[in-house]
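Undergrad: Contents of upload.pdb (PDB, C-alpha atoms) are below:
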```
MODEL        1
ATOM      1  CA  ASN A   1       0.000   0.000   0.000
ATOM      2  CA  ASN A   2       0.966   3.668  -0.147
ATOM      3  CA  ILE A   3       2.093   3.859   3.480
ATOM      4  CA  SER A   4       4.377   0.838   3.133
ATOM      5  CA  ASN A   5       5.887   2.304  -0.042
ATOM      6  CA  THR A   6       6.516   5.623   1.703
ATOM      7  CA  LEU A   7       8.251   3.871   4.584
ATOM      8  CA  LYS A   8      10.512   1.948   2.205
ATOM      9  CA  VAL A   9      11.510   5.041   0.260
ATOM     10  CA  ILE A  10      12.378   7.005   3.403
ATOM     11  CA  ALA A  11      14.183   4.097   5.048
ATOM     12  CA  ASN A  12      16.447   3.715   2.022
ATOM     13  CA  SER A  13      17.185   7.418   1.622
ATOM     14  CA  ASN A  14      19.510   9.763   3.464
ATOM     15  CA  ARG A  15      17.264  12.811   3.349
ATOM     16  CA  PHE A  16      15.163  14.095   6.216
ATOM     17  CA  ILE A  17      11.538  13.073   6.360
ATOM     18  CA  SER A  18       9.078  15.488   4.763
ATOM     19  CA  THR A  19       5.888  16.792   6.341
ATOM     20  CA  ARG A  20       3.823  14.996   3.713
ATOM     21  CA  ALA A  21       5.564  11.689   4.443
ATOM     22  CA  ALA A  22       5.203  12.198   8.201
ATOM     23  CA  LEU A  23       1.459  12.697   7.850
ATOM     24  CA  GLU A  24       1.190   9.618   5.662
ATOM     25  CA  ILE A  25       3.187   7.457   8.074
ATOM     26  CA  LEU A  26       0.930   8.471  10.959
ATOM     27  CA  GLU A  27      -2.123   8.009   8.706
ATOM     28  CA  LEU A  28      -3.199  11.622   9.033
ATOM     29  CA  PRO A  29      -4.889  13.472   6.151
ATOM     30  CA  PRO A  30      -2.560  15.761   4.120
ATOM     31  CA  ASN A  31      -4.784  18.760   4.825
ATOM     32  CA  VAL A  32      -5.146  18.072   8.549
ATOM     33  CA  GLY A  33      -4.089  21.583   9.592
ATOM     34  CA  ARG A  34      -3.735  22.266  13.305
ATOM     35  CA  LEU A  35      -3.378  19.176  15.515
ATOM     36  CA  THR A  36      -3.851  19.024  19.258
ATOM     37  CA  PRO A  37      -1.139  17.224  21.263
ATOM     38  CA  LYS A  38      -3.741  14.560  22.094
ATOM     39  CA  GLU A  39      -4.557  13.919  18.410
ATOM     40  CA  LEU A  40      -0.899  13.738  17.407
ATOM     41  CA  ARG A  41       0.025  11.481  20.303
ATOM     42  CA  ARG A  42      -2.840   9.107  19.532
ATOM     43  CA  ALA A  43      -1.901   8.889  15.842
ATOM     44  CA  TYR A  44       1.718   8.129  16.760
ATOM     45  CA  ILE A  45       0.829   5.432  19.284
ATOM     46  CA  GLU A  46      -1.553   3.705  16.868
ATOM     47  CA  ALA A  47       0.999   3.827  14.033
ATOM     48  CA  ALA A  48       3.712   2.405  16.289
ATOM     49  CA  LYS A  49       1.511  -0.482  17.430
ATOM     50  CA  LYS A  50       0.829  -1.486  13.824
ATOM     51  CA  HIS A  51       4.555  -2.134  13.312
ATOM     52  CA  HIS A  52       4.930  -4.342  16.369
ATOM     53  CA  PRO A  53       5.327  -8.048  15.458
ATOM     54  CA  ASP A  54       2.291  -8.922  17.592
ATOM     55  CA  SER A  55      -0.034  -6.774  15.485
ATOM     56  CA  GLN A  56      -2.297  -8.084  12.742
ATOM     57  CA  GLN A  57      -1.013  -5.419  10.355
ATOM     58  CA  TYR A  58       2.564  -6.637  10.832
ATOM     59  CA  HIS A  59       1.598 -10.244  10.093
ATOM     60  CA  THR A  60      -0.294  -9.142   6.986
ATOM     61  CA  ARG A  61       2.775  -7.313   5.646
ATOM     62  CA  ALA A  62       5.032 -10.263   6.498
ATOM     63  CA  ALA A  63       2.726 -12.706   4.698
ATOM     64  CA  THR A  64       2.781 -10.652   1.495
ATOM     65  CA  ALA A  65       6.478  -9.775   1.583
ATOM     66  CA  LYS A  66       8.856 -11.365  -0.899
ATOM     67  CA  PRO A  67      11.002 -14.145   0.594
ATOM     68  CA  THR A  68      14.724 -13.430   1.047
ATOM     69  CA  ASN A  69      17.808 -15.589   1.428
ATOM     70  CA  THR A  70      18.836 -13.905   4.673
ATOM     71  CA  ASN A  71      17.937 -14.909   8.189
ATOM     72  CA  SER A  72      14.237 -14.192   8.771
ATOM     73  CA  ILE A  73      14.623 -13.240  12.441
ATOM     74  CA  LYS A  74      17.386 -10.783  11.596
ATOM     75  CA  ASP A  75      15.253  -9.300   8.827
ATOM     76  CA  GLN A  76      12.356  -8.925  11.244
ATOM     77  CA  ASN A  77      14.522  -7.095  13.789
ATOM     78  CA  ILE A  78      15.929  -4.718  11.164
ATOM     79  CA  ASP A  79      12.419  -4.009   9.873
ATOM     80  CA  VAL A  80      11.136  -3.270  13.376
ATOM     81  CA  ALA A  81      14.073  -0.941  14.053
ATOM     82  CA  LYS A  82      13.419   0.974  10.823
ATOM     83  CA  GLN A  83       9.709   1.327  11.477
ATOM     84  CA  PHE A  84      10.323   2.535  15.024
ATOM     85  CA  ARG A  85      12.743   5.198  13.808
ATOM     86  CA  LEU A  86      10.379   6.317  11.059
ATOM     87  CA  VAL A  87       7.191   6.621  13.086
ATOM     88  CA  THR A  88       9.115   8.399  15.832
ATOM     89  CA  GLU A  89      10.733  10.804  13.364
ATOM     90  CA  ALA A  90       7.302  11.516  11.866
ATOM     91  CA  PHE A  91       5.822  12.183  15.309
ATOM     92  CA  GLU A  92       8.637  14.476  16.406
ATOM     93  CA  LEU A  93       8.651  16.456  13.159
ATOM     94  CA  LEU A  94       4.917  17.130  13.386
ATOM     95  CA  GLN A  95       5.201  17.824  17.112
ATOM     96  CA  GLU A  96       7.836  20.485  16.464
ATOM     97  CA  GLN A  97       5.770  22.053  13.703
ATOM     98  CA  GLN A  98       2.642  22.168  15.859
ATOM     99  CA  GLN A  99       4.670  23.580  18.727
ATOM    100  CA  LYS A 100       5.805  26.487  16.571
ATOM    101  CA  ARG A 101       2.333  26.985  15.137
ATOM    102  CA  ASN A 102       0.583  26.948  18.513
ATOM    103  CA  ASN A 103       3.111  29.168  20.221
ATOM    104  CA  PRO A 104       5.813  30.899  18.144
ATOM    105  CA  TYR A 105       7.407  32.192  21.355
ATOM    106  CA  GLY A 106       8.618  28.753  22.327
ATOM    107  CA  SER A 107       6.551  27.786  25.369
ATOM    108  CA  HIS A 108       5.735  24.151  26.097
ATOM    109  CA  PHE A 109       3.702  22.393  23.429
ATOM    110  CA  GLY A 110       0.018  23.029  24.061
ATOM    111  CA  GLN A 111       0.512  25.682  26.719
ATOM    112  CA  ALA A 112      -0.464  28.503  24.346
ATOM    113  CA  ASN A 113      -4.056  27.304  24.554
ATOM    114  CA  HIS A 114      -4.239  28.223  28.241
ATOM    115  CA  GLU A 115      -4.531  31.812  29.346
ATOM    116  CA  SER A 116      -3.410  31.539  32.967
ATOM    117  CA  ASP A 117      -1.569  29.313  35.409
ATOM    118  CA  ASP A 118      -4.886  28.598  37.151
ATOM    119  CA  LYS A 119      -5.842  26.371  34.219
ATOM    120  CA  ASP A 120      -4.346  23.037  33.235
ATOM    121  CA  ASP A 121      -0.810  23.199  31.896
ATOM    122  CA  GLY A 122       0.345  21.956  28.468
ATOM    123  CA  ASP A 123       1.067  18.408  29.648
ATOM    124  CA  ASP A 124      -2.655  17.871  30.266
ATOM    125  CA  ASP A 125      -3.334  18.260  26.562
ATOM    126  CA  TRP A 126      -1.700  14.907  25.807
ATOM    127  CA  GLY A 127      -4.893  13.179  26.928
ATOM    128  CA  ILE A 128      -3.273  10.388  28.934
ATOM    129  CA  SER A 129      -5.948   8.299  30.668
ATOM    130  CA  ALA A 130      -5.605   6.633  34.063
ATOM    131  CA  ILE A 131      -6.031   3.197  32.442
ATOM    132  CA  GLU A 132      -3.366   3.955  29.840
ATOM    133  CA  GLU A 133      -0.931   5.065  32.512
ATOM    134  CA  ALA A 134      -1.637   1.985  34.640
ATOM    135  CA  GLU A 135      -0.968  -0.340  31.680
ATOM    136  CA  PHE A 136       2.281   1.470  30.943
ATOM    137  CA  ARG A 137       3.381   1.187  34.574
ATOM    138  CA  ARG A 138       2.674  -2.548  34.623
ATOM    139  CA  ALA A 139       4.568  -3.053  31.362
ATOM    140  CA  CYS A 140       7.597  -1.139  32.631
ATOM    141  CA  THR A 141       7.693  -3.263  35.778
ATOM    142  CA  ASP A 142       6.909  -6.640  34.191
ATOM    143  CA  ILE A 143       8.932  -6.320  30.966
ATOM    144  CA  LEU A 144      11.749  -3.890  31.761
ATOM    145  CA  GLY A 145      11.951  -4.307  35.521
ATOM    146  CA  LEU A 146      11.959  -0.521  35.933
ATOM    147  CA  ASP A 147       9.734   2.145  37.413
ATOM    148  CA  ALA A 148       7.714   3.999  34.793
ATOM    149  CA  GLU A 149       9.261   7.296  35.944
ATOM    150  CA  ILE A 150      12.722   6.021  35.047
ATOM    151  CA  VAL A 151      11.551   4.961  31.585
ATOM    152  CA  GLU A 152       9.925   8.365  31.014
ATOM    153  CA  GLU A 153      13.081  10.171  32.097
ATOM    154  CA  SER A 154      15.160   7.972  29.792
ATOM    155  CA  LYS A 155      13.078   9.083  26.810
ATOM    156  CA  GLN A 156      14.336  12.636  27.378
ATOM    157  CA  CYS A 157      18.011  11.649  27.638
ATOM    158  CA  PRO A 158      19.965  12.423  24.400
ATOM    159  CA  ALA A 159      22.482   9.629  25.081
ATOM    160  CA  PHE A 160      19.711   7.066  25.538
ATOM    161  CA  ARG A 161      17.875   8.236  22.429
ATOM    162  CA  HIS A 162      21.078   7.966  20.400
ATOM    163  CA  TRP A 163      21.674   4.430  21.713
ATOM    164  CA  LEU A 164      18.060   3.548  20.937
ATOM    165  CA  GLN A 165      18.674   4.201  17.228
ATOM    166  CA  GLY A 166      21.217   1.385  17.104
ATOM    167  CA  LYS A 167      20.886  -2.214  15.981
ATOM    168  CA  THR A 168      22.110  -3.968  19.112
ATOM    169  CA  ASP A 169      19.957  -6.640  20.735
ATOM    170  CA  GLY A 170      19.390  -4.341  23.683
ATOM    171  CA  ALA A 171      18.263  -1.412  21.536
ATOM    172  CA  MET A 172      15.916  -3.643  19.552
ATOM    173  CA  TYR A 173      14.414  -5.016  22.763
ATOM    174  CA  TRP A 174      13.559  -1.469  23.858
ATOM    175  CA  GLN A 175      12.305  -0.588  20.381
ATOM    176  CA  MET A 176       9.916  -3.532  20.550
ATOM    177  CA  PHE A 177       8.725  -2.324  23.938
ATOM    178  CA  PHE A 178       8.145   1.233  22.756
ATOM    179  CA  LEU A 179       6.311   0.152  19.612
ATOM    180  CA  LYS A 180       3.746  -1.561  21.811
ATOM    181  CA  TYR A 181       3.675   0.862  24.718
ATOM    182  CA  GLY A 182       3.485   4.410  23.447
ATOM    183  CA  GLY A 183       6.782   4.988  21.688
ATOM    184  CA  LEU A 184       8.565   8.101  22.910
ATOM    185  CA  ALA A 185       5.306   9.939  23.560
ATOM    186  CA  PRO A 186       4.420  10.916  27.159
ATOM    187  CA  MET A 187       2.756   8.078  29.054
ATOM    188  CA  LEU A 188       2.431   9.490  32.578
ATOM    189  CA  ARG A 189      -0.091  12.114  33.611
ATOM    190  CA  PRO A 190       0.999  15.272  35.456
ATOM    191  CA  LYS A 191       1.430  14.693  39.188
ATOM    192  CA  LYS A 192      -1.671  16.667  40.109
ATOM    193  CA  HIS A 193      -3.792  14.048  38.304
ATOM    194  CA  ARG A 194      -2.182  11.076  40.057
ATOM    195  CA  PRO A 195      -3.072   9.708  43.511
ATOM    196  CA  VAL A 196      -0.578  10.736  46.197
ATOM    197  CA  ALA A 197       0.217   7.112  47.036
ATOM    198  CA  LEU A 198       1.115   6.422  43.410
ATOM    199  CA  ILE A 199       3.439   9.427  43.242
ATOM    200  CA  ASN A 200       5.183   8.458  46.460
ATOM    201  CA  ALA A 201       5.651   4.869  45.283
ATOM    202  CA  GLY A 202       7.389   6.070  42.143
ATOM    203  CA  GLU A 203       9.668   8.454  44.042
ATOM    204  CA  ILE A 204      10.566   5.774  46.593
ATOM    205  CA  GLY A 205      11.413   3.360  43.772
ATOM    206  CA  ARG A 206      13.791   5.902  42.240
ATOM    207  CA  ARG A 207      15.528   6.547  45.574
ATOM    208  CA  ARG A 208      16.094   2.831  46.133
ATOM    209  CA  ARG A 209      17.901   2.509  42.815
ATOM    210  CA  ARG A 210      20.337   5.362  43.559
TER     211      ARG A 210
ENDMDL
END
```
Give the structure from this file in structure tokens form.
TA:
Amino acid sequence: NNISNTLKVIANSNRFISTRAALEILELPPNVGRLTPKELRRAYIEAAKKHHPDSQQYHTRAATAKPTNTNSIKDQNIDVAKQFRLVTEAFELLQEQQQKRNNPYGSHFGQANHESDDKDDGDDDWGISAIEEAEFRRACTDILGLDAEIVEESKQCPAFRHWLQGKTDGAMYWQMFFLKYGGLAPMLRPKKHRPVALINAGEIGRRRRR
């Protein structure tokens, strides 16, 4: 299909992703105009999930792909790594563009929509539900053995993000995790929307690991 063709072209090229390609990768209409952080985040998460090996869309693509003479598991890992990089690049390009459009003075994405500090801040606009956060927390603990706060902080670390682009077994393991559980998009609600006990548990977990 058109999306798969776009992904292949970009993956095999050295140029930066275009806005048109980013919209296509995230399955957003070319004339979408202004996006809210919630809309963009949701499109990114859904696109990422479709490239996880557990998804029906991934199995459909694999079934119709031409056979190769190389190791199938290795091919699968390389494909997953490429798709993760592409959907994330598409998300971050559109995020930056919306950030500039919503507030040309450089405040936090989404904050321009709020007129005073008495209202919700920009992070609230991501639309993270309590159920979504709980699932992410369980996945971080069960799969990565880490507190969700540590995983969220890692997403913001340039060194970690650079390592994540690699093709090591460790990087691919994390790429698989992020494809299924929200990519590099925010997955934790602001503290004021979380129960006090939950906040304290996360902070205690971080102190124990220091």
Undergrad: Could you tell me which of A:Ala47, A:Lys191, A:Arg137, A:Gly127 comes closest to Ile150 in chain A if we count all atoms listed in the file?
TA: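 Residue with the minimum atom-to-atom distance to Ile150 in chain A: A:Arg137.
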Undergrad: Name the residues that the PyMOL selection byres ((chain A and resi 32-45) around 7) picks from the file above, as a ChimeraX atom specification, using the file's chain letters and numbers.
TA: /A:26,28-31,46-49,87,91,98,110,125-127,182-183,185
Undergrad: Go through the shown structure with the PyMOL selection byres ((chain A and resi 86) around 9) and write out the matching residues as an MDAnalysis selection string.
TA: chainID A and resid 7 10:11 17 22 25 81:85 87:91
Undergrad: Have a look at CA of Glu27 in chain A and CA of Thr168 in chain A and let me know their distance in Å, one decimal.
TA: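 It comes out at 29.0 Å.
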Undergrad: Rounded to one decimal, what separation in Å do you get between CA of Thr141 in chain A and CA of Lys155 in chain A?
TA: 16.2 Å
Undergrad: Please tell me which residues are no farther than 7 Å from (4.1, 6.7, 30.6) in the file, counting only C-alpha atoms, and write them as a ChimeraX atom specification.
TA: /A:133,136-137,148,152,186-188
Undergrad: Output the selection as an mmCIF file, in the coordinates of the input - C-alpha atoms for each residue.
TA:
```
data_model
loop_
_atom_site.group_PDB
_atom_site.id
_atom_site.type_symbol
_atom_site.label_atom_id
_atom_site.label_comp_id
_atom_site.auth_asym_id
_atom_site.auth_seq_id
_atom_site.Cartn_x
_atom_site.Cartn_y
_atom_site.Cartn_z
ATOM 1 C CA GLU A 133 -0.931 5.065 32.512
ATOM 2 C CA PHE A 136 2.281 1.470 30.943
ATOM 3 C CA ARG A 137 3.381 1.187 34.574
ATOM 4 C CA ALA A 148 7.714 3.999 34.793
ATOM 5 C CA GLU A 152 9.925 8.365 31.014
ATOM 6 C CA PRO A 186 4.420 10.916 27.159
ATOM 7 C CA MET A 187 2.756 8.078 29.054
ATOM 8 C CA LEU A 188 2.431 9.490 32.578
#
```
Undergrad: Mind pulling up the distance from CA of Ala130 in chain A to CA of Val151 in chain A?
TA: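 Interatomic distance, CA of Val151 in chain A to CA of Ala130 in chain A: 17.4 Å.
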Undergrad: Let me know the centre plus edge lengths, in Å and rounded to one decimal, of a box with edges along x, y and z that contains all listed atoms of range 49-52 of chain A and is padded by 4 Å on every side, as AutoDock Vina command-line options.
TA:
```
--center_x 2.9 --center_y -2.4 --center_z 15.4 --size_x 12.1 --size_y 11.9 --size_z 12.1
```
Undergrad: Which is closer to Pro53 in chain A than all the others in A:Ala21, A:Leu179, A:Ala159, A:Leu93, using all atoms listed in the file?
TA: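 Result for the nearest residue to Pro53 in chain A: A:Leu179.
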Undergrad: Find, counting only C-alpha atoms, the residue in A:Cys140, A:Leu184, A:Ile131, A:Met176 that gets nearest to Phe160 in chain A.
TA: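 Of the candidates, the smallest distance to Phe160 in chain A is held by A:Leu184.
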Undergrad: Taking into account all atoms listed in the file, which residue in the set A:Ala134, A:Leu94, A:Leu164, A:Val80 is nearest to Thr19 in chain A?
TA: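 So, comparing all the options, the nearest one is A:Leu94.
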